[in-house]
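Colleague: Next comes the structure file upload_34.cif, holding mmCIF, C-alpha atoms.
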data_my_file
#
loop_
_atom_site.label_atom_id
_atom_site.label_comp_id
_atom_site.auth_asym_id
_atom_site.auth_seq_id
_atom_site.Cartn_x
_atom_site.Cartn_y
_atom_site.Cartn_z
CA MET A 1 50.02 19.99 -16.12
CA PRO A 2 46.72 21.83 -15.54
CA GLU A 3 43.89 19.57 -14.60
CA TYR A 4 40.35 19.89 -15.88
CA ARG A 5 38.93 20.01 -12.36
CA ASN A 6 40.85 23.24 -11.67
CA SER A 7 39.20 25.05 -14.55
CA PRO A 8 35.93 23.33 -15.42
CA LYS A 9 34.34 24.54 -18.63
CA ASP A 10 30.78 23.25 -18.25
CA PHE A 11 30.29 23.85 -14.57
CA ALA A 12 26.65 23.96 -13.53
CA GLU A 13 25.96 25.68 -10.27
CA PRO A 14 23.17 24.11 -8.20
CA SER A 15 20.24 26.40 -7.58
CA ARG A 16 19.19 27.39 -4.07
CA GLU A 17 16.25 24.95 -4.19
CA GLU A 18 18.50 22.11 -5.27
CA ILE A 19 20.98 22.77 -2.48
CA ARG A 20 18.20 23.08 0.09
CA ALA A 21 16.57 19.82 -1.08
CA ARG A 22 19.93 18.03 -1.05
CA THR A 23 20.66 19.27 2.47
CA LEU A 24 17.27 18.07 3.68
CA ARG A 25 17.84 14.67 2.07
CA ASN A 26 21.29 14.42 3.67
CA ILE A 27 19.85 15.26 7.09
CA ALA A 28 17.05 12.71 6.62
CA ILE A 29 19.55 10.01 5.63
CA ALA A 30 21.76 10.83 8.62
CA VAL A 31 18.83 10.79 11.05
CA GLY A 32 17.56 7.55 9.48
CA LEU A 33 20.94 5.84 9.81
CA VAL A 34 21.40 6.94 13.42
CA GLY A 35 17.85 5.80 14.22
CA PHE A 36 18.47 2.46 12.56
CA MET A 37 21.69 1.94 14.52
CA VAL A 38 19.91 2.80 17.77
CA LEU A 39 17.13 0.29 16.99
CA VAL A 40 19.63 -2.45 16.12
CA ALA A 41 21.58 -1.76 19.31
CA ALA A 42 18.37 -1.72 21.37
CA SER A 43 17.23 -5.00 19.79
CA VAL A 44 20.52 -6.71 20.54
CA VAL A 45 20.53 -5.48 24.14
CA MET A 46 16.90 -6.47 24.72
CA ARG A 47 17.42 -9.97 23.36
CA SER A 48 20.61 -10.61 25.30
CA PRO A 49 20.13 -12.96 28.26
CA VAL A 50 20.36 -11.11 31.55
CA MET B 1 14.00 30.58 -8.92
CA PRO B 2 12.79 27.82 -11.21
CA VAL B 3 14.48 24.48 -10.85
CA ALA B 4 16.39 22.68 -13.54
CA ARG B 5 13.75 20.30 -14.77
CA ALA B 6 11.11 23.02 -15.06
CA THR B 7 13.05 25.51 -17.14
CA ALA B 8 13.10 24.01 -20.55
CA PRO B 9 12.33 26.59 -23.26
CA ASP B 10 8.96 25.06 -23.98
CA GLY B 11 7.81 24.94 -20.38
CA PRO B 12 7.94 22.39 -17.63
CA VAL B 13 9.32 19.00 -18.56
CA SER B 14 6.53 17.19 -16.80
CA SER B 15 6.28 13.47 -17.24
CA THR B 16 2.57 13.44 -16.49
CA SER B 17 1.39 14.50 -19.90
CA ALA B 18 3.75 12.06 -21.56
CA HIS B 19 2.39 9.09 -19.69
CA ASN B 20 0.77 6.29 -21.54
CA THR B 21 0.63 2.57 -21.04
CA GLU B 22 3.80 1.78 -22.93
CA GLY B 23 7.24 3.15 -22.35
CA ALA B 24 6.14 5.92 -20.08
CA ALA B 25 8.52 4.85 -17.35
CA SER B 26 11.42 5.73 -19.57
CA ASP B 27 9.77 9.05 -20.37
CA THR B 28 9.66 9.79 -16.69
CA THR B 29 13.31 8.88 -16.29
CA ALA B 30 14.25 11.08 -19.20
CA ALA B 31 12.48 14.02 -17.60
CA PHE B 32 15.09 14.02 -14.88
CA SER B 33 18.09 14.08 -17.16
CA THR B 34 19.33 17.51 -18.13
CA SER B 35 20.56 16.04 -21.39
CA ALA B 36 16.95 15.24 -22.24
CA LEU B 37 15.97 18.89 -22.19
CA PRO B 38 15.07 20.10 -25.64
CA GLY B 39 17.09 22.80 -27.33
CA SER B 40 20.41 24.19 -26.28
CA ALA B 41 19.16 26.42 -23.48
CA LYS B 42 21.11 25.75 -20.32
CA PRO B 43 18.87 24.99 -17.37
CA ALA B 44 19.10 26.93 -14.14
CA GLY B 45 20.76 24.83 -11.48
CA ALA B 46 22.79 21.68 -11.88
CA GLY B 47 19.93 19.32 -12.62
CA LEU B 48 19.92 17.91 -9.10
CA SER B 49 16.75 16.48 -7.67
CA THR B 50 14.57 18.84 -5.66
CA ALA B 51 12.77 15.98 -3.94
CA GLY B 52 12.61 16.32 -0.18
CA PRO B 53 12.12 13.70 2.57
CA GLY B 54 8.36 14.27 2.36
CA ASP B 55 8.33 13.08 -1.24
CA TYR B 56 10.06 9.84 -0.24
CA PHE B 57 7.59 9.43 2.61
CA ALA B 58 4.73 9.80 0.10
CA LEU B 59 6.21 6.84 -1.81
CA MET B 60 5.45 4.67 1.22
CA LYS B 61 1.66 5.08 0.84
CA PRO B 62 1.10 6.40 4.39
CA ARG B 63 -2.65 5.76 4.36
CA VAL B 64 -2.17 2.09 3.48
CA MET B 65 0.58 1.92 6.07
CA SER B 66 -1.82 3.11 8.80
CA LEU B 67 -4.13 0.13 8.16
CA VAL B 68 -1.14 -2.23 8.11
CA VAL B 69 0.17 -0.82 11.39
CA PHE B 70 -3.25 -1.16 13.02
CA THR B 71 -3.77 -4.79 11.97
CA ALA B 72 -0.19 -5.60 12.96
CA ILE B 73 -0.70 -4.13 16.43
CA CYS B 74 -3.82 -6.29 16.73
CA GLY B 75 -1.78 -9.34 15.63
CA LEU B 76 0.78 -8.64 18.34
CA LEU B 77 -1.82 -8.20 21.06
CA LEU B 78 -3.80 -11.26 19.98
CA ALA B 79 -0.79 -13.57 20.24
CA PRO B 80 -0.96 -15.87 23.27
CA GLY B 81 0.68 -14.80 26.49
CA SER B 82 1.55 -11.42 27.86
CA LEU B 83 3.52 -9.27 25.45
CA SER B 84 5.72 -7.86 28.19
CA VAL B 85 6.77 -11.41 29.17
CA SER B 86 7.11 -12.98 25.69
CA ILE B 87 9.18 -10.54 23.64
CA GLY B 88 8.90 -7.33 25.66
CA TRP B 89 7.34 -4.01 24.74
CA GLY B 90 10.57 -2.70 23.19
CA SER B 91 10.86 -5.56 20.71
CA ALA B 92 7.12 -5.34 20.04
CA LEU B 93 7.44 -1.66 19.09
CA ILE B 94 10.40 -2.41 16.85
CA ALA B 95 8.42 -5.24 15.21
CA ILE B 96 5.58 -2.81 14.43
CA PHE B 97 8.10 -0.33 13.05
CA CYS B 98 9.62 -3.04 10.82
CA ILE B 99 6.24 -4.17 9.50
CA ALA B 100 5.32 -0.54 8.72
CA LEU B 101 8.69 -0.01 7.05
CA GLY B 102 8.27 -3.18 5.01
CA ALA B 103 4.78 -2.09 3.93
CA GLY B 104 6.12 1.33 2.98
CA ALA B 105 8.98 -0.25 1.03
CA SER B 106 6.48 -2.39 -0.87
CA GLY B 107 4.54 0.75 -1.69
CA ALA B 108 7.66 2.46 -3.05
CA LEU B 109 8.54 -0.59 -5.18
CA ASN B 110 4.95 -0.72 -6.43
CA MET B 111 5.16 2.96 -7.46
CA TRP B 112 8.45 2.28 -9.23
CA TYR B 113 6.96 -0.51 -11.32
CA ASP B 114 3.63 1.22 -11.93
CA ALA B 115 5.18 4.56 -12.92
CA ASP B 116 3.86 4.11 -16.46
CA ILE B 117 0.20 3.74 -15.46
CA ASP B 118 -0.05 5.91 -12.34
CA GLY B 119 0.15 9.15 -14.33
CA ALA B 120 -2.81 8.18 -16.48
CA MET B 121 -5.17 7.48 -13.59
CA ALA B 122 -6.81 10.38 -11.75
CA ARG B 123 -6.55 8.50 -8.43
CA THR B 124 -2.77 8.06 -8.68
CA SER B 125 -1.67 10.97 -10.88
CA GLN B 126 -0.55 13.04 -7.90
CA ARG B 127 1.96 10.47 -6.68
CA PRO B 128 5.59 11.69 -6.59
CA ILE B 129 6.76 9.87 -9.75
CA PRO B 130 3.95 10.89 -12.17
CA LYS B 131 4.09 14.40 -10.72
CA GLY B 132 7.71 14.53 -11.84
CA VAL B 133 9.14 15.06 -8.35
CA LEU B 134 11.08 11.79 -8.24
CA PRO B 135 12.57 9.55 -10.92
CA PRO B 136 11.42 5.89 -10.84
CA ARG B 137 14.96 4.66 -10.12
CA ALA B 138 14.96 6.68 -6.87
CA ALA B 139 11.81 4.83 -5.79
CA LEU B 140 13.44 1.51 -6.70
CA GLY B 141 16.57 2.24 -4.68
CA PHE B 142 14.59 3.59 -1.75
CA GLY B 143 12.26 0.58 -1.75
CA MET B 144 15.09 -1.95 -1.93
CA VAL B 145 17.07 -0.34 0.91
CA MET B 146 13.99 0.00 3.13
CA SER B 147 12.96 -3.61 2.43
CA GLY B 148 16.39 -4.92 3.41
CA ALA B 149 16.48 -2.77 6.54
CA ALA B 150 12.97 -3.82 7.64
CA VAL B 151 13.56 -7.55 7.22
CA TRP B 152 17.00 -7.54 8.83
CA LEU B 153 15.91 -5.44 11.80
CA LEU B 154 12.88 -7.68 12.36
CA LEU B 155 15.20 -10.69 12.35
CA VAL B 156 17.47 -9.07 14.93
CA ALA B 157 14.57 -7.84 17.09
CA THR B 158 12.33 -10.92 17.00
CA ASN B 159 12.83 -14.16 15.06
CA GLY B 160 13.49 -15.74 11.67
CA VAL B 161 9.90 -16.82 11.02
CA ALA B 162 8.57 -13.26 11.30
CA ALA B 163 11.44 -11.89 9.19
CA ALA B 164 10.92 -14.55 6.52
CA LEU B 165 7.18 -13.83 6.43
CA LEU B 166 7.86 -10.11 6.04
CA ALA B 167 10.35 -10.76 3.23
CA PHE B 168 7.81 -13.03 1.53
CA THR B 169 5.12 -10.34 1.90
CA ILE B 170 7.29 -7.76 0.13
CA PHE B 171 8.17 -10.28 -2.58
CA PHE B 172 4.52 -11.25 -3.00
CA TYR B 173 3.33 -7.66 -3.31
CA LEU B 174 6.03 -6.64 -5.76
CA VAL B 175 6.50 -9.72 -7.94
CA ILE B 176 3.31 -11.78 -7.65
CA TYR B 177 0.82 -8.92 -7.45
CA THR B 178 2.35 -5.81 -9.02
CA MET B 179 4.47 -7.38 -11.75
CA TRP B 180 2.36 -10.39 -12.61
CA LEU B 181 -1.27 -10.57 -11.49
CA LYS B 182 -2.25 -6.88 -11.59
CA ARG B 183 -1.82 -6.60 -15.34
CA SER B 184 -2.80 -10.11 -16.36
CA THR B 185 -6.00 -11.26 -14.63
CA PRO B 186 -9.22 -9.80 -13.21
CA GLN B 187 -8.57 -12.01 -10.19
CA ASN B 188 -5.54 -9.80 -9.44
CA ILE B 189 -6.73 -8.41 -6.15
CA VAL B 190 -8.19 -11.71 -4.94
CA ILE B 191 -4.80 -13.42 -4.94
CA GLY B 192 -2.79 -10.23 -4.58
CA GLY B 193 -4.85 -9.35 -1.54
CA ALA B 194 -2.77 -11.88 0.37
CA ALA B 195 0.03 -9.31 0.52
CA GLY B 196 -2.15 -6.98 2.56
CA ALA B 197 -3.33 -9.87 4.74
CA PHE B 198 0.10 -10.93 5.97
CA PRO B 199 0.91 -8.09 8.47
CA PRO B 200 -1.11 -9.43 11.45
CA MET B 201 0.35 -12.88 10.76
CA VAL B 202 3.86 -11.41 10.72
CA ALA B 203 3.19 -9.61 14.00
CA TYR B 204 1.72 -12.78 15.56
CA ALA B 205 4.79 -14.73 14.43
CA ALA B 206 7.04 -12.02 15.90
CA VAL B 207 5.65 -12.98 19.32
CA THR B 208 5.20 -16.73 18.97
CA GLY B 209 7.78 -17.63 16.31
CA THR B 210 5.19 -19.72 14.52
CA VAL B 211 2.04 -19.70 12.39
CA THR B 212 -1.13 -20.97 14.07
CA LEU B 213 -4.81 -21.40 13.19
CA ASP B 214 -5.59 -18.12 14.96
CA SER B 215 -3.02 -16.15 12.98
CA ALA B 216 -4.24 -17.83 9.79
CA LEU B 217 -7.76 -16.62 10.66
CA LEU B 218 -6.50 -13.03 10.94
CA PHE B 219 -4.91 -13.50 7.52
CA LEU B 220 -8.10 -14.94 6.03
CA ILE B 221 -10.32 -12.14 7.35
CA ILE B 222 -8.27 -9.53 5.46
CA PHE B 223 -7.91 -11.87 2.47
CA PHE B 224 -11.68 -12.19 2.05
CA TRP B 225 -12.28 -8.54 2.92
CA THR B 226 -10.06 -7.33 0.05
CA PRO B 227 -12.21 -8.30 -3.00
CA PRO B 228 -15.44 -6.53 -1.93
CA HIS B 229 -13.38 -3.56 -0.74
CA PHE B 230 -11.47 -3.10 -4.02
CA TRP B 231 -14.24 -4.12 -6.38
CA ALA B 232 -16.57 -1.55 -4.79
CA LEU B 233 -13.92 1.04 -5.67
CA ALA B 234 -13.39 -0.44 -9.13
CA LEU B 235 -17.13 -0.26 -9.92
CA TYR B 236 -17.17 3.53 -9.82
CA LYS B 237 -13.53 4.02 -10.93
CA GLN B 238 -13.48 1.50 -13.78
CA THR B 239 -12.79 4.07 -16.48
CA ASP B 240 -9.56 4.90 -14.65
CA TYR B 241 -8.41 1.26 -14.68
CA GLY B 242 -9.74 0.62 -18.18
CA ARG B 243 -7.80 3.58 -19.61
CA VAL B 244 -4.49 2.06 -18.57
CA GLY B 245 -5.40 -1.52 -19.42
CA ILE B 246 -5.59 -2.95 -15.91
CA PRO B 247 -7.97 -5.94 -16.07
CA MET B 248 -10.13 -5.16 -13.07
CA MET B 249 -13.23 -7.33 -12.67
CA PRO B 250 -15.78 -4.69 -13.90
CA ASN B 251 -13.78 -4.04 -17.10
CA VAL B 252 -13.30 -7.69 -17.98
CA LYS B 253 -16.26 -9.63 -16.61
CA GLY B 254 -18.73 -6.76 -16.44
CA ALA B 255 -20.40 -4.84 -13.65
CA ALA B 256 -23.13 -7.43 -13.01
CA ARG B 257 -20.63 -10.24 -12.38
CA THR B 258 -18.62 -7.90 -10.12
CA ARG B 259 -21.68 -7.04 -8.05
CA THR B 260 -22.46 -10.75 -7.64
CA GLU B 261 -18.89 -11.55 -6.56
CA ILE B 262 -18.93 -8.66 -4.10
CA LEU B 263 -22.00 -10.20 -2.45
CA VAL B 264 -20.50 -13.72 -2.43
CA TYR B 265 -17.24 -12.57 -0.87
CA SER B 266 -19.16 -10.45 1.66
CA LEU B 267 -21.13 -13.52 2.77
CA LEU B 268 -17.93 -15.58 3.00
CA LEU B 269 -16.36 -12.80 5.04
CA PHE B 270 -19.36 -12.73 7.36
CA GLY B 271 -19.00 -16.44 8.07
CA LEU B 272 -15.26 -16.22 8.44
CA THR B 273 -15.37 -13.42 11.02
CA LEU B 274 -17.41 -15.71 13.28
CA LEU B 275 -14.64 -18.33 13.40
CA PRO B 276 -12.46 -16.48 15.98
CA TRP B 277 -15.48 -16.70 18.30
CA TRP B 278 -15.53 -20.47 17.73
CA THR B 279 -11.76 -20.95 18.20
CA GLY B 280 -11.77 -18.85 21.37
CA LEU B 281 -9.61 -16.05 20.01
CA GLY B 282 -12.57 -13.73 20.58
CA GLY B 283 -15.36 -13.91 23.15
CA THR B 284 -19.05 -13.00 23.25
CA LEU B 285 -18.41 -9.28 22.92
CA TYR B 286 -16.51 -9.90 19.70
CA GLY B 287 -19.12 -12.37 18.46
CA VAL B 288 -21.95 -9.87 18.89
CA ALA B 289 -19.89 -7.11 17.25
CA ALA B 290 -18.92 -9.38 14.35
CA VAL B 291 -22.57 -10.25 13.70
CA GLY B 292 -23.65 -6.59 13.82
CA LEU B 293 -20.76 -5.22 11.75
CA GLY B 294 -21.03 -8.10 9.29
CA ALA B 295 -24.78 -7.64 8.89
CA VAL B 296 -24.25 -4.01 7.88
CA PHE B 297 -21.47 -5.08 5.49
CA VAL B 298 -23.67 -7.70 3.84
CA GLY B 299 -26.56 -5.21 3.74
CA LEU B 300 -24.44 -2.66 1.87
CA ALA B 301 -23.13 -5.39 -0.46
CA TRP B 302 -26.75 -6.45 -1.09
CA ARG B 303 -27.61 -2.86 -2.09
CA VAL B 304 -24.68 -2.86 -4.52
CA PHE B 305 -25.82 -6.25 -5.86
CA ARG B 306 -29.35 -4.95 -6.47
CA SER B 307 -28.10 -1.69 -8.01
CA GLN B 308 -26.78 -0.83 -11.44
CA ALA B 309 -23.41 0.30 -10.12
CA GLY B 310 -20.77 0.30 -12.81
CA ASP B 311 -23.20 -0.19 -15.70
CA LYS B 312 -22.71 1.85 -18.85
CA PRO B 313 -26.08 3.21 -19.97
CA SER B 314 -26.68 5.25 -23.07
CA ASP B 315 -26.37 8.98 -22.46
CA ALA B 316 -29.85 9.46 -23.88
CA ASP B 317 -31.43 7.31 -21.20
CA ALA B 318 -31.77 9.70 -18.28
CA GLY B 319 -33.50 7.14 -16.06
CA ALA B 320 -30.75 4.57 -16.49
CA LEU B 321 -28.11 7.23 -15.88
CA TYR B 322 -29.77 8.10 -12.59
CA ALA B 323 -29.91 4.41 -11.62
CA VAL B 324 -26.20 3.98 -12.35
CA ARG B 325 -25.33 7.08 -10.36
CA SER B 326 -27.40 5.83 -7.49
CA GLY B 327 -25.71 2.42 -7.77
CA ASN B 328 -22.28 4.02 -7.83
CA GLN B 329 -23.20 5.81 -4.62
CA ALA B 330 -24.05 2.42 -3.10
CA ALA B 331 -20.60 1.18 -4.17
CA ARG B 332 -18.98 4.28 -2.62
CA ASN B 333 -20.85 3.61 0.63
CA LEU B 334 -19.65 0.00 0.68
CA PHE B 335 -16.05 1.07 -0.04
CA ALA B 336 -16.10 3.68 2.75
CA TYR B 337 -17.75 1.30 5.23
CA SER B 338 -15.35 -1.54 4.39
CA ILE B 339 -12.42 0.53 5.71
CA LEU B 340 -14.26 1.32 8.91
CA TYR B 341 -15.33 -2.32 9.15
CA LEU B 342 -11.80 -3.70 9.09
CA PHE B 343 -10.67 -1.29 11.80
CA ALA B 344 -13.75 -2.15 13.87
CA ILE B 345 -13.57 -5.94 13.51
CA PHE B 346 -9.86 -6.10 14.42
CA GLY B 347 -10.35 -3.51 17.16
CA MET B 348 -13.23 -5.43 18.76
CA LEU B 349 -11.36 -8.74 18.52
CA THR B 350 -8.34 -7.23 20.24
CA VAL B 351 -10.31 -5.43 22.94
CA ASP B 352 -12.31 -8.59 23.71
CA HIS B 353 -9.15 -10.70 23.80
CA LEU B 354 -7.45 -8.27 26.18
CA LEU B 355 -10.53 -8.11 28.41
CA VAL B 356 -10.66 -11.92 28.63
CA MET B 357 -6.93 -12.04 29.38
CA GLY B 358 -7.28 -9.36 32.05
CA ALA B 359 -10.23 -11.12 33.71
#
Take the structure I supplied and represent it as structure tokens, if you would.
Modeller:
Amino acid sequence: MPEYRNSPKDFAEPSREEIRARTLRNIAIAVGLVGFMVLVAASVVMRSPV
Amino acid sequence: MPVARATAPDGPVSSTSAHNTEGAASDTTAAFSTSALPGSAKPAGAGLSTAGPGDYFALMKPRVMSLVVFTAICGLLLAPGSLSVSIGWGSALIAIFCIALGAGASGALNMWYDADIDGAMARTSQRPIPKGVLPPRAALGFGMVMSGAAVWLLLVATNGVAAALLAFTIFFYLVIYTMWLKRSTPQNIVIGGAAGAFPPMVAYAAVTGTVTLDSALLFLIIFFWTPPHFWALALYKQTDYGRVGIPMMPNVKGAARTRTEILVYSLLLFGLTLLPWWTGLGGTLYGVAAVGLGAVFVGLAWRVFRSQAGDKPSDADAGALYAVRSGNQAARNLFAYSILYLFAIFGMLTVDHLLVMGA
């Protein structure tokens, strides 16, 4: 049975600006998450008794 | 290539022109939905957001954040004991980052809630939401996530008291000030000013794990600095606030009452800034600086008090118009100086404290 997703009828293609903005947002989120993890790890290490 | 939200047949679907005091937030939201585009013309693109990381950063009110970061650094350095011994420089830096992040998150949440009025005020019309770059719900999500991250990281890096104070600060700014006081009373920035006064107290608590008289003094200095600072701005920007129905002091109680209150709060601030000298938080260097800086502050407030700043003369009366313009300039001078003053008073207190500690 053919599925809708294989032949979409109202497909809207993102423009170049939209794709570029989405990529930048994705990179910013990734960098933010990695930075946050590093800060949490650093905090835990610094507070651990030597 | 034009983006989706700007290619409606009748031109850009900008939310700015549609803003008014009621229901404009939903107008803004609708501007980002392709289904809200008029006519049957299919937009170019898929209707995705074209907002970049810079637009989200603008939500965090970077200029306000710089003042928060500065006062927080002062709070950290003014806490008793050596920072390197108490919590360490690493944790101190993370604490500053968390306070800045929390302040930025509050700014984003404030822009989410005030989306309906920001577009109608010249001072705020270029913010990302009224400009149509971001939908309000994006600011809400961003603010909530950043708030949670800031509070939790501060808890991990320092202690529960500092984290709880930061959480309370965000709550106070969003719920008590933005949602409640700002639109309901001309005393909005007097009480709401507490939100901006908490950062040095949070930083102090990050080091000591407690609230002391000295940290309360840092809080009170900013608390009493806020009314003359904002009312000076409101005197020459009152049409902006009046247009959107924000009950700022000049609109509700009149310019004369505002000028009097500016002077009263300036005198209270002058007296308050001498208290750290008395408690020993600051030494002679700070005391002399506080007297000098405070004297200029009171002098500028006196000029505003004696002026006709914020008055509404008849257009036919050229002399009165000139007097009001001159008075508005006095209010601008006080507003500009008040920013410099806060940096200077906290800077001198910190430098003096560090010099005494080093001696």
Colleague: Selected by the PyMOL selection byres ((chain A and resi 44) around 12) in the shown coordinates: which residues, as a list in words?
Modeller: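 This file, filtered by the PyMOL selection byres ((chain A and resi 44) around 12), leaves Met37, Val38, Leu39, Val40, Ala41, Ala42, Ser43, Val45, Met46, Arg47, Ser48, Pro49 and Val50 of chain A; Gly90, Ser91, Ile94, Leu153, Leu154, Leu155, Val156, Ala157 and Thr158 of chain B.
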Colleague: With 9 Å as the limit and counting all atoms listed in the file, what residues in chain A lie close to chain B? Please list them as a PyMOL selection string.
Modeller: chain A and resi 11-25+28-29+36+39-40+42-44+46-47
Colleague: Rounded to one decimal in Å, what is the spacing between atom CA of Met201 of chain B and atom CA of Ser338 of chain B?
Modeller: 20.4 Å
Colleague: Rounded to one decimal place, report the atom CA of Ala58 of chain B-atom CA of Gln187 of chain B distance in Å.
Modeller: 27.5 Å
Colleague: Would you translate the PyMOL selection byres ((chain B and resi 267) around 10) into the concrete set of residues it matches in this file, as a CSV table (one decimal) with C-alpha atoms, keeping the file's coordinate frame?
Modeller:
chain,number,residue,atom,x,y,z
B,224,PHE,CA,-11.7,-12.2,2.0
B,261,GLU,CA,-18.9,-11.6,-6.6
B,262,ILE,CA,-18.9,-8.7,-4.1
B,263,LEU,CA,-22.0,-10.2,-2.4
B,264,VAL,CA,-20.5,-13.7,-2.4
B,265,TYR,CA,-17.2,-12.6,-0.9
B,266,SER,CA,-19.2,-10.4,1.7
B,268,LEU,CA,-17.9,-15.6,3.0
B,269,LEU,CA,-16.4,-12.8,5.0
B,270,PHE,CA,-19.4,-12.7,7.4
B,271,GLY,CA,-19.0,-16.4,8.1
B,272,LEU,CA,-15.3,-16.2,8.4
B,294,GLY,CA,-21.0,-8.1,9.3
B,295,ALA,CA,-24.8,-7.6,8.9
B,297,PHE,CA,-21.5,-5.1,5.5
B,298,VAL,CA,-23.7,-7.7,3.8
B,299,GLY,CA,-26.6,-5.2,3.7
B,301,ALA,CA,-23.1,-5.4,-0.5
B,302,TRP,CA,-26.8,-6.4,-1.1
Colleague: For the point (-9.8, -1.8, -6.4) in the file's frame, write as number ranges by chain all residues with an atom no more than 12 Å away, counting only C-alpha atoms.
Modeller: B: 123, 182, 186-190, 192-193, 225-238, 240-241, 246-251, 258, 262, 331-332, 335
Colleague: Report the distance between atom CA of Arg63 of chain B and atom CA of Ile222 of chain B in Å, rounded to one decimal place.
Modeller: 16.3 Å
Colleague: Within 9 Å of Gly102 of chain B, counting all atoms listed in the file, which residues show up once you throw out same-chain ones fewer than 5 positions away? Write them as a list in words, please.
Modeller: Phe97, Gly107, Gly143, Met146, Ser147, Gly148, Ala149, Ala150, Val151, Leu166, Ala167, Thr169 and Ile170 of chain B
Colleague: Save the residues we just selected, C-alpha atoms, as a short mmCIF file (atom, residue, chain, number, x, y, z; two decimals), in the frame of the given file?
Modeller:
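File produced: selection-v5.cif:
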data_model
loop_
_atom_site.label_atom_id
_atom_site.label_comp_id
_atom_site.auth_asym_id
_atom_site.auth_seq_id
_atom_site.Cartn_x
_atom_site.Cartn_y
_atom_site.Cartn_z
CA PHE B 97 8.10 -0.33 13.05
CA GLY B 107 4.54 0.75 -1.69
CA GLY B 143 12.26 0.58 -1.75
CA MET B 146 13.99 0.00 3.13
CA SER B 147 12.96 -3.61 2.43
CA GLY B 148 16.39 -4.92 3.41
CA ALA B 149 16.48 -2.77 6.54
CA ALA B 150 12.97 -3.82 7.64
CA VAL B 151 13.56 -7.55 7.22
CA LEU B 166 7.86 -10.11 6.04
CA ALA B 167 10.35 -10.76 3.23
CA THR B 169 5.12 -10.34 1.90
CA ILE B 170 7.29 -7.76 0.13
#
Colleague: Could you list, as a ChimeraX atom specification, every residue within 12 Å of Gly209 of chain B, counting all atoms listed in the file and ignoring same-chain residues fewer than 4 positions away?
Modeller: /B:76,79-80,86-87,154-155,157-165,201-205,215
Colleague: Do you know which residues the PyMOL selection byres ((chain B and resi 285) around 9) returns on this file, as a ChimeraX atom specification?
Modeller: /B:282-284,286-290,348-349,351-352
Colleague: Which residue out of B:Thr239, B:Ser326, B:Ser307, B:Thr71 has the minimum interatomic distance to Pro200 of chain B when only C-alpha atoms are used?
Modeller: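 Closest to Pro200 of chain B, using only C-alpha atoms: B:Thr71.
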Colleague: Kindly indicate which residue among B:Val291, B:Leu78, B:Tyr341, B:Leu334 lies nearest to Thr208 of chain B, using all atoms listed in the file for the distances.
Modeller: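 Looking only at the distances to Thr208 of chain B, the closest residue turns out to be B:Leu78.
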Colleague: Could segment 18-29 of chain A be written out with N, CA and C atoms, as a CSV table (one decimal), in the first residue's frame, please?
Modeller:
chain,number,residue,atom,x,y,z
A,18,GLU,N,16.2,29.7,5.1
A,18,GLU,CA,15.7,28.9,6.2
A,18,GLU,C,16.6,27.7,6.6
A,19,ILE,N,17.2,27.1,5.6
A,19,ILE,CA,18.1,26.0,5.9
A,19,ILE,C,19.3,26.5,6.6
A,20,ARG,N,19.9,27.6,6.1
A,20,ARG,CA,21.1,28.2,6.8
A,20,ARG,C,20.8,28.6,8.2
A,21,ALA,N,19.6,29.2,8.5
A,21,ALA,CA,19.3,29.6,9.8
A,21,ALA,C,19.1,28.4,10.7
A,22,ARG,N,18.5,27.4,10.2
A,22,ARG,CA,18.3,26.1,10.9
A,22,ARG,C,19.6,25.5,11.3
A,23,THR,N,20.5,25.5,10.3
A,23,THR,CA,21.8,24.9,10.6
A,23,THR,C,22.6,25.7,11.7
A,24,LEU,N,22.5,27.0,11.6
A,24,LEU,CA,23.1,27.8,12.6
A,24,LEU,C,22.5,27.6,14.0
A,25,ARG,N,21.2,27.4,14.0
A,25,ARG,CA,20.6,27.2,15.3
A,25,ARG,C,21.0,25.8,15.8
A,26,ASN,N,21.1,24.8,14.9
A,26,ASN,CA,21.5,23.5,15.4
A,26,ASN,C,22.9,23.5,15.9
A,27,ILE,N,23.8,24.2,15.2
A,27,ILE,CA,25.2,24.3,15.7
A,27,ILE,C,25.2,25.0,17.1
A,28,ALA,N,24.4,26.1,17.2
A,28,ALA,CA,24.4,26.8,18.5
A,28,ALA,C,23.9,25.9,19.6
A,29,ILE,N,22.9,25.1,19.4
A,29,ILE,CA,22.3,24.2,20.4
A,29,ILE,C,23.4,23.2,20.8
